[in-house]
Amino acid sequence: MATWFLIIIYLAFISLGLPDSLLGSAWPVMWPEIGSSVGSAGLISMIIAGGTIVSSLASGRMIRTIGTGKITMFSCLLTAVSLFGFSIAPSMVWFMLLAIPLGLGAGAVDAALNHYIAENYQAHHMNWLHCFWGIGATMGPIIMAGYIAGENSWRGGYTAVAIIQLILVVVLLVTLPLWKRVAATRASSQPEHAETEQQSHTSLSVKVLNIRGVKPSLLAFLLYCGVETTVGLWGASYLVGTRSISAEVAATSISLYYAGITFGRLITGFITLKVQNRLLIRYGQWVTIAGGIILLLPLPSTFSVAGFVLVGLGLAPIYPGLLHETPTRFGKENSAKLMGYQMAVAYSGTTLIPPLFGILAARTGTGAFPIVVFILLVLMLLSAETVNRLLLKPHKLGR
């Protein structure tokens, strides 16, 4: 039962990744058709991320009220309806309206499943969970590229992904009793632990933002999600507008970027059994820097694809590693509250940084894309290494 249940959770995270990469891969051919501008994708992305923040902050209460299984099913249904709306939306106003439920659905699934895995499964499952998000994010541009190359254009791509989401909704509906059984087993086996945990949170007096290393760690989360989303959203537009690559090839290139994240998290799940998260985070940062340098150099267009893949591979271990390091770095008594802060700050990076680049792209073109990405990667490296430096000798720092 536990194995089948884990497979269902992984499938749900595929559904979370599928819509994330659609907008960026389709945007080069979308905005002229709907009478918008190239920078408007940032506004849609900001609205989606804003909805994600709201639903993730409310997820704790919703989990206690209706349970993780129902939240996951309803969120997937909300996402499916929103994506179908995208496929028939006639104008930018409709895309902005439909972005609200799309973000709400995505945030609820993300927060609920991350919380569930963190509480009930071992560390390597966190990497593999985000690996399955990468599978969905990789499939999205591939599906979209196929429809862009065919006669159905980008609207058919959104319809296809909406149908996939609806199929998953049916699977989640059929397996709802399994969620209830697992929840009942967990509740009956850990009543004392739950009470102790509640008391611990109630009596928590430490101001977590004042803990040494917390602020640069939060900055690392903001920069990570900012750069990951910026590359996914604007990478195809850069390849089409600046490097003169066709929209189909550009969408495929973005799928390879997400494939790099996916494959990286798959192998990282095994490597975590032997190598510390701190080292994996550092190695990942340096790989992203290498990919950023390739994007910066005036190399033939085919090298840009390699740059995207390297950036994806490097990003793979960073986010799951930072999440998993939270109780080790800042104490288990603070980790629950910090997890909420980290998710909110991470989504803030998703909300703010891509639209800011959209404003820049609307005024100067997409040529600044590799420069902006490289600056974000360097700042992320510096913030993560600042945390390592501050916490290098935790016992001498009074921890």
# chains A, B, ... in the order shown; residues from 1 in each chain; ligands from 1
>>> closest_atom_pairs(of="segment 249-340 of chain A", to="segment 149-158 of chain A", cutoff="12 Å", atoms="only C-alpha atoms", output="CSV")
residue,atom,partner,partner_atom,distance
A:Val249,CA,A:Ala149,CA,9.6
A:Ala250,CA,A:Ala149,CA,11.6
A:Ala251,CA,A:Ala149,CA,10.3
A:Thr252,CA,A:Ala149,CA,11.1
>>> residues_around(residues="Phe369 of chain A", least_positions_apart="2", cutoff="9 Å", atoms="only C-alpha atoms", output="mmCIF file with C-alpha atoms, in the first residue's frame")
data_model
loop_
_atom_site.group_PDB
_atom_site.id
_atom_site.type_symbol
_atom_site.label_atom_id
_atom_site.label_comp_id
_atom_site.auth_asym_id
_atom_site.auth_seq_id
_atom_site.Cartn_x
_atom_site.Cartn_y
_atom_site.Cartn_z
ATOM 1 C CA THR A 230 13.101 33.298 -15.395
ATOM 2 C CA VAL A 231 15.014 30.745 -17.453
ATOM 3 C CA TRP A 234 12.018 33.736 -21.003
ATOM 4 C CA GLY A 235 14.531 31.231 -22.369
ATOM 5 C CA TYR A 238 15.536 34.785 -25.947
ATOM 6 C CA LEU A 295 25.067 31.470 -22.415
ATOM 7 C CA LEU A 296 27.110 34.663 -22.043
ATOM 8 C CA PHE A 357 12.888 40.897 -16.620
ATOM 9 C CA ALA A 361 12.776 42.815 -22.292
ATOM 10 C CA GLY A 365 14.723 43.238 -26.099
ATOM 11 C CA THR A 366 15.653 39.790 -24.828
ATOM 12 C CA GLY A 367 19.389 40.212 -25.456
ATOM 13 C CA ILE A 371 23.515 38.685 -18.381
ATOM 14 C CA VAL A 372 20.576 38.771 -15.961
ATOM 15 C CA VAL A 373 20.648 34.991 -15.489
ATOM 16 C CA PHE A 374 24.392 35.025 -14.778
#
>>> residues_around(residues="Arg278 of chain A", least_positions_apart="5", cutoff="9 Å", atoms="only C-alpha atoms", output="MDAnalysis selection string")
chainID A and resid 283 321:322 325 388
>>> write_last_selection(atoms="all heavy atoms", output="PDB file, in the first residue's frame")
ATOM      1  N   TYR A 283      28.235  22.143  -5.311  1.00  0.00           N
ATOM      2  CA  TYR A 283      28.586  21.637  -6.647  1.00  0.00           C
ATOM      3  C   TYR A 283      27.544  22.078  -7.678  1.00  0.00           C
ATOM      4  O   TYR A 283      27.885  22.461  -8.811  1.00  0.00           O
ATOM      5  CB  TYR A 283      28.686  20.113  -6.633  1.00  0.00           C
ATOM      6  CG  TYR A 283      29.772  19.574  -5.725  1.00  0.00           C
ATOM      7  CD1 TYR A 283      29.678  18.291  -5.173  1.00  0.00           C
ATOM      8  CD2 TYR A 283      30.896  20.336  -5.399  1.00  0.00           C
ATOM      9  CE1 TYR A 283      30.659  17.787  -4.341  1.00  0.00           C
ATOM     10  CE2 TYR A 283      31.883  19.842  -4.558  1.00  0.00           C
ATOM     11  CZ  TYR A 283      31.752  18.563  -4.026  1.00  0.00           C
ATOM     12  OH  TYR A 283      32.733  18.070  -3.197  1.00  0.00           O
ATOM     13  N   GLY A 321      17.832  20.317  -1.571  1.00  0.00           N
ATOM     14  CA  GLY A 321      18.889  20.303  -0.565  1.00  0.00           C
ATOM     15  C   GLY A 321      18.708  21.387   0.479  1.00  0.00           C
ATOM     16  O   GLY A 321      18.871  21.146   1.682  1.00  0.00           O
ATOM     17  N   LEU A 322      18.355  22.586   0.040  1.00  0.00           N
ATOM     18  CA  LEU A 322      18.117  23.673   0.983  1.00  0.00           C
ATOM     19  C   LEU A 322      16.935  23.364   1.905  1.00  0.00           C
ATOM     20  O   LEU A 322      16.972  23.648   3.107  1.00  0.00           O
ATOM     21  CB  LEU A 322      17.861  24.980   0.227  1.00  0.00           C
ATOM     22  CG  LEU A 322      19.071  25.615  -0.477  1.00  0.00           C
ATOM     23  CD1 LEU A 322      18.626  26.794  -1.332  1.00  0.00           C
ATOM     24  CD2 LEU A 322      20.131  26.063   0.523  1.00  0.00           C
ATOM     25  N   GLU A 325      18.031  20.732   4.483  1.00  0.00           N
ATOM     26  CA  GLU A 325      19.023  21.221   5.433  1.00  0.00           C
ATOM     27  C   GLU A 325      18.415  22.093   6.527  1.00  0.00           C
ATOM     28  O   GLU A 325      19.091  22.395   7.517  1.00  0.00           O
ATOM     29  CB  GLU A 325      20.088  22.039   4.693  1.00  0.00           C
ATOM     30  CG  GLU A 325      21.130  21.208   3.964  1.00  0.00           C
ATOM     31  CD  GLU A 325      22.041  20.463   4.930  1.00  0.00           C
ATOM     32  OE1 GLU A 325      22.909  21.103   5.532  1.00  0.00           O
ATOM     33  OE2 GLU A 325      21.848  19.233   5.080  1.00  0.00           O
ATOM     34  N   ASN A 388      26.888  28.967   4.668  1.00  0.00           N
ATOM     35  CA  ASN A 388      27.893  27.972   5.045  1.00  0.00           C
ATOM     36  C   ASN A 388      28.976  28.596   5.920  1.00  0.00           C
ATOM     37  O   ASN A 388      29.451  27.988   6.891  1.00  0.00           O
ATOM     38  CB  ASN A 388      28.527  27.362   3.797  1.00  0.00           C
ATOM     39  CG  ASN A 388      27.561  26.461   3.043  1.00  0.00           C
ATOM     40  OD1 ASN A 388      26.641  25.902   3.628  1.00  0.00           O
ATOM     41  ND2 ASN A 388      27.758  26.332   1.739  1.00  0.00           N
TER      42      ASN A 388
END
>>> atom_distance(atom1="atom CA of Gln285 of chain A", atom2="atom CA of Leu377 of chain A")
7.5 Å
>>> residues_around(residues="Phe86 of chain A", least_positions_apart="3", cutoff="7 Å", atoms="only C-alpha atoms", output="list in words")
Ser82, Leu83, Ala89, Phe95, Leu98 and Tyr158 of chain A
>>> closest_residue(among="A:Ala162, A:Ile100, A:Ala26, A:Ala12", to="Val240 of chain A", atoms="only C-alpha atoms")
A:Ala26
>>> residues_around(residues="segment 164-170 of chain A", least_positions_apart="5", cutoff="12 Å", atoms="only C-alpha atoms", output="PDB file with C-alpha atoms, in the first residue's frame")
ATOM      1  CA  ILE A   8       0.145   8.465  -6.583  1.00  0.00           C
ATOM      2  CA  ILE A   9       1.988  11.303  -4.841  1.00  0.00           C
ATOM      3  CA  TYR A  10       4.666  11.295  -7.554  1.00  0.00           C
ATOM      4  CA  LEU A  11       1.973  11.400 -10.270  1.00  0.00           C
ATOM      5  CA  ALA A  12       0.402  14.383  -8.540  1.00  0.00           C
ATOM      6  CA  PHE A  13       3.740  16.194  -8.636  1.00  0.00           C
ATOM      7  CA  ILE A  14       4.001  15.482 -12.372  1.00  0.00           C
ATOM      8  CA  SER A  15       0.716  17.364 -12.698  1.00  0.00           C
ATOM      9  CA  LEU A  16       2.261  20.245 -10.765  1.00  0.00           C
ATOM     10  CA  GLY A  17       5.184  20.484 -13.181  1.00  0.00           C
ATOM     11  CA  LEU A  18       3.220  20.177 -16.431  1.00  0.00           C
ATOM     12  CA  PRO A  19       1.716  23.696 -16.503  1.00  0.00           C
ATOM     13  CA  GLY A  69      -5.952  13.806  -0.651  1.00  0.00           C
ATOM     14  CA  LYS A  70      -8.969  16.039  -1.260  1.00  0.00           C
ATOM     15  CA  ILE A  71      -6.780  19.141  -1.495  1.00  0.00           C
ATOM     16  CA  THR A  72      -4.628  17.447  -4.130  1.00  0.00           C
ATOM     17  CA  MET A  73      -7.634  16.263  -6.160  1.00  0.00           C
ATOM     18  CA  PHE A  74      -9.455  19.595  -6.042  1.00  0.00           C
ATOM     19  CA  SER A  75      -6.280  21.514  -6.906  1.00  0.00           C
ATOM     20  CA  CYS A  76      -5.635  19.320  -9.949  1.00  0.00           C
ATOM     21  CA  LEU A  77      -9.229  19.893 -11.066  1.00  0.00           C
ATOM     22  CA  LEU A  78      -8.797  23.646 -10.650  1.00  0.00           C
ATOM     23  CA  THR A  79      -5.597  23.492 -12.694  1.00  0.00           C
ATOM     24  CA  ALA A  80      -7.247  21.446 -15.456  1.00  0.00           C
ATOM     25  CA  VAL A  81     -10.144  23.888 -15.795  1.00  0.00           C
ATOM     26  CA  SER A  82      -7.741  26.846 -15.885  1.00  0.00           C
ATOM     27  CA  LEU A  83      -5.580  25.247 -18.588  1.00  0.00           C
ATOM     28  CA  PHE A  84      -8.631  24.494 -20.719  1.00  0.00           C
ATOM     29  CA  GLY A 105      -4.315  25.108  -7.532  1.00  0.00           C
ATOM     30  CA  ALA A 106      -0.561  24.846  -7.967  1.00  0.00           C
ATOM     31  CA  GLY A 136       6.041  17.161 -15.773  1.00  0.00           C
ATOM     32  CA  MET A 139       6.828  17.005 -20.810  1.00  0.00           C
ATOM     33  CA  GLY A 140       5.091  20.378 -21.035  1.00  0.00           C
ATOM     34  CA  ILE A 143       3.852  18.568 -25.882  1.00  0.00           C
ATOM     35  CA  GLY A 157      -1.026  22.060 -26.459  1.00  0.00           C
ATOM     36  CA  TYR A 158      -2.958  23.617 -23.584  1.00  0.00           C
ATOM     37  CA  THR A 159      -5.971  21.405 -24.331  1.00  0.00           C
ATOM     38  CA  THR A 175      -7.817   6.476  -4.713  1.00  0.00           C
ATOM     39  CA  LEU A 176      -9.239   8.862  -2.099  1.00  0.00           C
TER      40      LEU A 176
END
>>> atom_distance(atom1="atom CA of Leu233 of chain A", atom2="atom CA of Val161 of chain A")
17.4 Å
>>> residues_around(residues="segment 48-57 of chain A", least_positions_apart="2", cutoff="8 Å", atoms="only C-alpha atoms", output="PyMOL selection string")
chain A and resi 44-46+59-60+99-108+110-112+340+343-344+347-348+350-351
>>> closest_residue(among="A:Tyr121, A:Ile88, A:Cys131, A:Val38", to="Arg363 of chain A", atoms="only C-alpha atoms")
A:Val38
>>> select_by_dssp(residues="segment 162-336 of chain A", states="helix (DSSP H, G or I)", output="ChimeraX atom specification")
/A:162-174,176-189,191-202,208-210,214-241,247-271,277-296,301-315,318-330,332-336
>>> write_last_selection(atoms="C-alpha atoms", output="compact mmCIF listing (two decimals), in the first residue's frame")
# COMPACT_ATOMS: atom_id res chain seq x y z
CA ALA A 162 -5.74 19.95 -19.51
CA ILE A 163 -6.93 16.47 -20.52
CA ILE A 164 -3.91 14.87 -18.80
CA GLN A 165 -4.77 16.80 -15.64
CA LEU A 166 -8.38 15.60 -15.79
CA ILE A 167 -7.22 11.98 -16.08
CA LEU A 168 -5.14 12.47 -12.93
CA VAL A 169 -8.18 13.95 -11.18
CA VAL A 170 -10.06 10.72 -11.90
CA VAL A 171 -7.13 8.67 -10.50
CA LEU A 172 -7.08 10.79 -7.34
CA LEU A 173 -10.84 10.47 -6.95
CA VAL A 174 -10.70 6.68 -7.20
CA LEU A 176 -9.24 8.86 -2.10
CA PRO A 177 -9.99 5.95 0.29
CA LEU A 178 -6.26 5.11 0.22
CA TRP A 179 -5.41 8.62 1.47
CA LYS A 180 -7.93 8.17 4.28
CA ARG A 181 -6.50 4.80 5.28
CA VAL A 182 -2.95 6.11 5.40
CA ALA A 183 -4.05 9.19 7.34
CA ALA A 184 -5.95 7.04 9.83
CA THR A 185 -2.96 4.74 10.32
CA ARG A 186 -0.66 7.69 10.89
CA ALA A 187 -3.04 9.38 13.31
CA SER A 188 -3.49 6.22 15.39
CA SER A 189 0.24 5.48 15.55
CA PRO A 191 -1.02 10.68 18.79
CA GLU A 192 1.54 11.52 21.46
CA HIS A 193 4.02 12.87 18.89
CA ALA A 194 1.37 15.17 17.41
CA GLU A 195 0.54 16.56 20.86
CA THR A 196 4.21 17.11 21.66
CA GLU A 197 4.76 18.81 18.32
CA GLN A 198 1.82 21.16 18.93
CA GLN A 199 3.18 22.08 22.34
CA SER A 200 6.60 22.72 20.84
CA HIS A 201 5.17 25.15 18.30
CA THR A 202 3.05 26.85 20.94
CA VAL A 208 13.55 32.70 13.66
CA LEU A 209 14.50 35.61 11.44
CA ASN A 210 17.19 36.57 13.95
CA VAL A 214 18.50 32.57 8.21
CA LYS A 215 18.37 35.78 6.20
CA PRO A 216 20.98 34.80 3.57
CA SER A 217 19.31 31.38 3.39
CA LEU A 218 15.97 33.02 2.61
CA LEU A 219 17.71 35.14 -0.04
CA ALA A 220 19.06 31.93 -1.61
CA PHE A 221 15.49 30.58 -1.88
CA LEU A 222 14.28 33.81 -3.46
CA LEU A 223 17.09 33.85 -6.01
CA TYR A 224 16.76 30.13 -6.78
CA CYS A 225 13.07 30.30 -7.68
CA GLY A 226 13.60 33.61 -9.43
CA VAL A 227 16.30 32.28 -11.75
CA GLU A 228 14.60 28.90 -12.31
CA THR A 229 11.37 30.57 -13.39
CA THR A 230 13.10 33.30 -15.40
CA VAL A 231 15.01 30.74 -17.45
CA GLY A 232 11.88 28.64 -18.01
CA LEU A 233 9.67 31.61 -18.89
CA TRP A 234 12.02 33.74 -21.00
CA GLY A 235 14.53 31.23 -22.37
CA ALA A 236 12.48 30.40 -25.46
CA SER A 237 11.80 34.08 -26.18
CA TYR A 238 15.54 34.78 -25.95
CA LEU A 239 16.37 31.95 -28.36
CA VAL A 240 13.72 33.11 -30.85
CA GLY A 241 14.19 36.86 -30.54
CA ALA A 247 9.87 28.51 -31.95
CA GLU A 248 9.72 24.69 -32.13
CA VAL A 249 13.46 24.28 -31.50
CA ALA A 250 13.33 26.89 -28.73
CA ALA A 251 10.52 25.02 -26.98
CA THR A 252 12.50 21.79 -27.26
CA SER A 253 15.55 23.54 -25.78
CA ILE A 254 13.52 24.61 -22.76
CA SER A 255 12.30 21.03 -22.37
CA LEU A 256 15.96 19.96 -22.23
CA TYR A 257 16.56 22.56 -19.51
CA TYR A 258 13.79 21.00 -17.43
CA ALA A 259 15.11 17.55 -18.35
CA GLY A 260 18.43 18.59 -16.82
CA ILE A 261 16.66 19.48 -13.57
CA THR A 262 14.74 16.19 -13.68
CA PHE A 263 17.71 13.93 -14.38
CA GLY A 264 19.82 15.81 -11.87
CA ARG A 265 17.28 15.24 -9.11
CA LEU A 266 16.94 11.58 -10.02
CA ILE A 267 20.66 10.92 -9.54
CA THR A 268 20.88 13.32 -6.59
CA GLY A 269 18.39 11.13 -4.75
CA PHE A 270 20.99 8.35 -4.83
CA ILE A 271 24.00 10.60 -4.22
CA ASN A 277 23.59 18.13 1.08
CA ARG A 278 25.88 21.09 1.72
CA LEU A 279 28.41 19.82 -0.81
CA LEU A 280 25.75 18.91 -3.37
CA ILE A 281 24.31 22.42 -3.13
CA ARG A 282 27.78 23.91 -3.69
CA TYR A 283 28.59 21.64 -6.65
CA GLY A 284 25.21 22.45 -8.19
CA GLN A 285 25.89 26.18 -7.88
CA TRP A 286 29.19 25.86 -9.75
CA VAL A 287 27.58 23.83 -12.54
CA THR A 288 24.97 26.57 -13.00
CA ILE A 289 27.75 29.16 -13.20
CA ALA A 290 29.38 27.12 -15.97
CA GLY A 291 26.07 27.01 -17.86
CA GLY A 292 25.63 30.75 -17.38
CA ILE A 293 29.07 31.44 -18.82
CA ILE A 294 28.23 29.40 -21.94
CA LEU A 295 25.07 31.47 -22.42
CA LEU A 296 27.11 34.66 -22.04
CA SER A 301 23.38 29.02 -31.26
CA THR A 302 23.70 25.27 -30.73
CA PHE A 303 25.90 25.94 -27.68
CA SER A 304 23.03 27.78 -26.05
CA VAL A 305 21.23 24.46 -25.67
CA ALA A 306 24.20 23.08 -23.74
CA GLY A 307 24.13 26.16 -21.52
CA PHE A 308 20.45 25.59 -20.69
CA VAL A 309 21.09 21.92 -19.90
CA LEU A 310 24.00 22.75 -17.58
CA VAL A 311 21.97 25.38 -15.75
CA GLY A 312 19.20 22.80 -15.27
CA LEU A 313 21.59 20.13 -14.02
CA GLY A 314 23.15 22.55 -11.58
CA LEU A 315 19.82 23.73 -10.22
CA ILE A 318 19.81 23.13 -4.75
CA TYR A 319 16.14 23.55 -3.83
CA PRO A 320 15.52 20.07 -2.32
CA GLY A 321 18.89 20.30 -0.56
CA LEU A 322 18.12 23.67 0.98
CA LEU A 323 14.73 22.38 2.17
CA HIS A 324 16.23 19.27 3.70
CA GLU A 325 19.02 21.22 5.43
CA THR A 326 16.58 23.45 7.32
CA PRO A 327 16.27 21.41 10.57
CA THR A 328 19.99 20.57 10.53
CA ARG A 329 21.09 24.17 10.11
CA PHE A 330 18.55 26.00 12.24
CA LYS A 332 14.18 21.10 14.46
CA GLU A 333 12.29 23.34 16.87
CA ASN A 334 12.46 26.15 14.30
CA SER A 335 12.13 24.16 11.08
CA ALA A 336 8.31 24.14 10.84
